[in-house]
Amino acid sequence: MRESNDNVNHSGAARPGAARPGAARQDAVLELIHSIMHQYRSQQFQALRDGQHELTHMEAKVLAFFGHHPGATQSELARHSGRDKAQVARLITGLRERGLLHGEADAADRRNTRLSLTDAGRAIQQAAQAEAGKLNAQAVRGMSGEQQEMLLGLLLQVKDNLDRGE
């Protein structure tokens, strides 16, 4: 079913004062990207919450960060995630109390703590990553490798356009 566009007459010309032609399609692209990410995150959050480890989305992201950046600091995580330092500190404290993160004082600057996953944290992070892999596979089911590459290329172009801020 095709939605009508009240701003376009039957000749395809925009009515005076209406949005420019193609604007509805452009809006639809970004709305669809937003909708897909919302659905993806919702399903990912549900899997994390219902899993045996009961992780929040942000806890899983923190574990993934330290899985990819062992020995990083709380400040590096805050910069990477764009979250405020107080929120990051609470997340790290909770994960350390659960025995999922381990901290050691930085040898060069004892004020900094280098954080890394414990064995338990690594196991949970790997399980969360496996769940994400299943969801990723579900999202592109039925697409050929060529279609996936084309989609990736188009999305990268959208991102590049937004990064340029023209």
# chains A, B, ... in the order shown; residues from 1 in each chain; ligands from 1
>>> select_by_dssp(residues="region 22-137 of chain A", states="helix (DSSP H, G or I)", output="PyMOL selection string")
chain A and resi 23-50+57-68+74-81+85-97+119-137
>>> select_by_dssp(residues="region 93-147 of chain A", states="strand (DSSP E or B)", output="VMD selection string")
chain A and resid 101 to 105 113 to 117
>>> write_last_selection(atoms="C-alpha atoms", output="short mmCIF file (atom, residue, chain, number, x, y, z; two decimals), in the first residue's frame")
data_model
loop_
_atom_site.label_atom_id
_atom_site.label_comp_id
_atom_site.auth_asym_id
_atom_site.auth_seq_id
_atom_site.Cartn_x
_atom_site.Cartn_y
_atom_site.Cartn_z
CA LEU A 101 35.47 -5.50 35.76
CA HIS A 102 38.84 -5.34 37.44
CA GLY A 103 40.84 -2.16 38.01
CA GLU A 104 44.54 -1.54 38.56
CA ALA A 105 46.22 1.77 39.29
CA THR A 113 42.63 3.25 37.12
CA ARG A 114 43.14 0.91 34.17
CA LEU A 115 40.08 -1.30 33.75
CA SER A 116 39.74 -4.69 32.13
CA LEU A 117 37.26 -7.55 32.05
#
>>> residues_around(residues="Gln52 (chain A)", least_positions_apart="2", cutoff="12 Å", atoms="only C-alpha atoms", output="list in words")
Gln46, Ala47, Leu48, Arg49, Asp50, Glu54, Leu55, Ala123, Ile124, Ala127 and Ala128 of chain A
>>> closest_residue(among="A:Asp106, A:Ile33, A:Leu154, A:Asn161", to="Ala72 (chain A)", atoms="only C-alpha atoms")
A:Asp106
>>> residues_around(residues="region 75-78 of chain A", least_positions_apart="6", cutoff="9 Å", atoms="only C-alpha atoms", output="list in words")
Val62, Phe65, Phe66, Asp84, Lys85, Gln87, Val88, Ala89 and Asn112 of chain A
>>> atom_distance(atom1="CA of Leu162 (chain A)", atom2="CA of Glu146 (chain A)")
24.5 Å
>>> closest_residue(among="A:Arg122, A:His34, A:Arg98, A:Arg83", to="His68 (chain A)", atoms="only C-alpha atoms")
A:Arg122
>>> residues_around(residues="region 40-44 of chain A", least_positions_apart="6", cutoff="8 Å", atoms="only C-alpha atoms", output="PDB file with N, CA and C atoms, in the first residue's frame")
ATOM      1  N   HIS A  57      21.411  -2.393  28.590  1.00  0.00           N
ATOM      2  CA  HIS A  57      22.052  -2.055  27.318  1.00  0.00           C
ATOM      3  C   HIS A  57      23.394  -1.351  27.564  1.00  0.00           C
ATOM      4  N   GLU A 131      24.691 -13.034  21.110  1.00  0.00           N
ATOM      5  CA  GLU A 131      23.285 -12.663  20.948  1.00  0.00           C
ATOM      6  C   GLU A 131      23.134 -11.560  19.917  1.00  0.00           C
ATOM      7  N   ALA A 132      24.021 -10.576  19.953  1.00  0.00           N
ATOM      8  CA  ALA A 132      23.991  -9.493  18.967  1.00  0.00           C
ATOM      9  C   ALA A 132      24.221 -10.045  17.568  1.00  0.00           C
ATOM     10  N   LEU A 135      21.015 -11.471  16.249  1.00  0.00           N
ATOM     11  CA  LEU A 135      20.099 -10.407  15.865  1.00  0.00           C
ATOM     12  C   LEU A 135      20.560  -9.754  14.560  1.00  0.00           C
TER      13      LEU A 135
END
>>> closest_residue(among="A:Glu149, A:Gly82, A:Thr73, A:Gln126", to="Arg111 (chain A)", atoms="only C-alpha atoms")
A:Thr73
>>> atom_distance(atom1="CA of Phe45 (chain A)", atom2="CA of Glu97 (chain A)")
21.6 Å
>>> atom_distance(atom1="CA of Asn136 (chain A)", atom2="CA of Gly99 (chain A)")
28.5 Å
